[in-house]
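Scroll down for the structure; my scribbles are underneath it.
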Amino acid sequence: MSAHALTPPFTPHTPLGVMVVGLGVAAIFYGITSLQTVHYFRRFQDDYPIVKFGVAVVWILETVNTCLAIHVVLHVMIVYRTTGLSPKPSPWSLPLQAASNATIAGIIYGLFSWRIWILSERNWIPIAVIAVAGSAQFVAGCAVTTLALGNFPCCKTYLRPTVLVSFALTAFTDVIISACLCYYLHVRKTGNAVSGSLLNRVIILTINNGILSSAMALTGCIASLVAPRTSVSSAMCFILGKAYFNTLLSTLNARKNLREKLRDGTDQIGLETVRKQLKEMGYSCCDSKSGDCYVHNNSSVKSSPECARPDIGELHFK
């Protein structure tokens, strides 16, 4: 028998190609997040224990998630190469992706909620909204896994709507978190040029991260609607959890660089900005090199390198 007779005929919308591409992208994301995880634990050894614990748990879940994705692709590859048909039913490892991503998203939502809680000065309203949306997303993700593994007739009926709801809730929660972070970062601007510039960078980083994760969720939702016979939504499940983790790690690892830029920017501004700000507050600002103090009435006196205000007293630089 010829080799051509052993080769299954080509059928459109086969799941193998899309899943292989999704697995390749997910593997790249996993490598990046693993490097960022090592980078985080090396640079932030004194970080909050709850944050370090959350990062470690999410990395373990991402490792399990990657192994599940590899199993799905290998199973589909073997079955399709043997029979030329998509595996029916899907491998057990594919539905577990939904529950795994829901768990990862829930942990990351909790860490971002804690950050919003601090930025908002303990405002419970955005935390309550995120908690409700995140809990609904977690329940929907676990429901997808339960329905996909179930053997009852109603499971297949409600599976597709549940998948759509899960993707939609994921995108909605991402938008809510990004909007809250951007808002509370914006209202914390003080008018200082250096800190304002750095806050703008943090806001841009937050928007980019929110776009990445929400775009993945929206792609999976749209694919489930317009192309339910393809495996695009399954490929998005491979990538979605890693996009979440990358969002968290990029935010955490950017803190030290931003602090260094804040310090360097303050040094570049020098004492000119300090003099101007203290002059507006009524202090007399002194030049540490020449010893000249420029008082609020523009008179110059010789003094030691310090700033003073008559009603408060001396203010020494450290």
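Each chain in the structure tokens gets a letter, A, B, ..., in the order shown, and its residues are numbered from 1; ligands are numbered from 1 in order too.
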Give me the region 39-88 of chain A side of the contact with region 21-27 of chain A, cut-off 9 Å, one line per residue showing its nearest atom pair and distance in Å at one decimal, counting only C-alpha atoms, sorted by chain and residue number, as a Markdown table.
| residue | atom | partner | partner_atom | distance |
| --- | --- | --- | --- | --- |
| A:Thr66 | CA | A:Ala27 | CA | 7.3 |
| A:Ala69 | CA | A:Leu23 | CA | 6.6 |
| A:Ile70 | CA | A:Leu23 | CA | 7.1 |
| A:Val73 | CA | A:Leu23 | CA | 7.6 |
Residues at most 12 Å from region 243-245 of chain A, counting only C-alpha atoms, excluding those fewer than 2 positions away in the same chain, as a ChimeraX atom specification? /A:25-37,54-63,101-109,111-112,170-171,173-174,208-217,236-241,247-252
Which is closer to Leu225 (chain A) than all the others in A:Ile177, A:Ala131, A:Leu164, A:Leu185, using only C-alpha atoms? A:Leu164
For Tyr158 (chain A), work out the shell of residues within 12 Å, counting only C-alpha atoms and skipping chain neighbours fewer than 6 positions away, then give it as number ranges by chain. A: 140, 143-148, 150, 152, 164-165
Those same residues - N, CA, C and O atoms - I'd like them written as a PDB file, in the first residue's frame.
ATOM      1  N   ALA A 140     -17.586  30.459  36.495  1.00  0.00           N
ATOM      2  CA  ALA A 140     -17.815  30.111  35.094  1.00  0.00           C
ATOM      3  C   ALA A 140     -16.712  29.206  34.559  1.00  0.00           C
ATOM      4  O   ALA A 140     -16.975  28.246  33.819  1.00  0.00           O
ATOM      5  N   ALA A 143     -17.242  25.821  35.921  1.00  0.00           N
ATOM      6  CA  ALA A 143     -18.430  25.232  35.300  1.00  0.00           C
ATOM      7  C   ALA A 143     -18.106  24.675  33.916  1.00  0.00           C
ATOM      8  O   ALA A 143     -18.646  23.633  33.515  1.00  0.00           O
ATOM      9  N   VAL A 144     -17.236  25.379  33.170  1.00  0.00           N
ATOM     10  CA  VAL A 144     -16.815  24.869  31.860  1.00  0.00           C
ATOM     11  C   VAL A 144     -16.143  23.510  32.010  1.00  0.00           C
ATOM     12  O   VAL A 144     -16.419  22.568  31.249  1.00  0.00           O
ATOM     13  N   THR A 145     -15.263  23.388  32.986  1.00  0.00           N
ATOM     14  CA  THR A 145     -14.589  22.105  33.224  1.00  0.00           C
ATOM     15  C   THR A 145     -15.582  21.014  33.606  1.00  0.00           C
ATOM     16  O   THR A 145     -15.519  19.879  33.106  1.00  0.00           O
ATOM     17  N   THR A 146     -16.518  21.348  34.489  1.00  0.00           N
ATOM     18  CA  THR A 146     -17.500  20.358  34.938  1.00  0.00           C
ATOM     19  C   THR A 146     -18.396  19.903  33.797  1.00  0.00           C
ATOM     20  O   THR A 146     -18.656  18.701  33.628  1.00  0.00           O
ATOM     21  N   LEU A 147     -18.886  20.848  33.002  1.00  0.00           N
ATOM     22  CA  LEU A 147     -19.779  20.494  31.895  1.00  0.00           C
ATOM     23  C   LEU A 147     -19.048  19.704  30.817  1.00  0.00           C
ATOM     24  O   LEU A 147     -19.619  18.788  30.202  1.00  0.00           O
ATOM     25  N   ALA A 148     -17.792  20.065  30.554  1.00  0.00           N
ATOM     26  CA  ALA A 148     -17.040  19.360  29.508  1.00  0.00           C
ATOM     27  C   ALA A 148     -16.705  17.932  29.916  1.00  0.00           C
ATOM     28  O   ALA A 148     -16.634  17.039  29.057  1.00  0.00           O
ATOM     29  N   GLY A 150     -18.589  16.199  32.080  1.00  0.00           N
ATOM     30  CA  GLY A 150     -19.823  15.497  32.432  1.00  0.00           C
ATOM     31  C   GLY A 150     -20.349  14.648  31.291  1.00  0.00           C
ATOM     32  O   GLY A 150     -20.103  14.912  30.108  1.00  0.00           O
ATOM     33  N   PHE A 152     -23.758  13.893  31.111  1.00  0.00           N
ATOM     34  CA  PHE A 152     -25.190  14.103  30.986  1.00  0.00           C
ATOM     35  C   PHE A 152     -25.512  14.867  29.714  1.00  0.00           C
ATOM     36  O   PHE A 152     -24.705  15.676  29.234  1.00  0.00           O
ATOM     37  N   LEU A 164     -18.713  31.070  26.520  1.00  0.00           N
ATOM     38  CA  LEU A 164     -18.858  32.481  26.130  1.00  0.00           C
ATOM     39  C   LEU A 164     -18.912  33.383  27.361  1.00  0.00           C
ATOM     40  O   LEU A 164     -18.268  34.437  27.400  1.00  0.00           O
ATOM     41  N   VAL A 165     -19.684  32.961  28.355  1.00  0.00           N
ATOM     42  CA  VAL A 165     -19.800  33.770  29.580  1.00  0.00           C
ATOM     43  C   VAL A 165     -18.451  33.848  30.292  1.00  0.00           C
ATOM     44  O   VAL A 165     -18.063  34.908  30.808  1.00  0.00           O
TER      45      VAL A 165
END
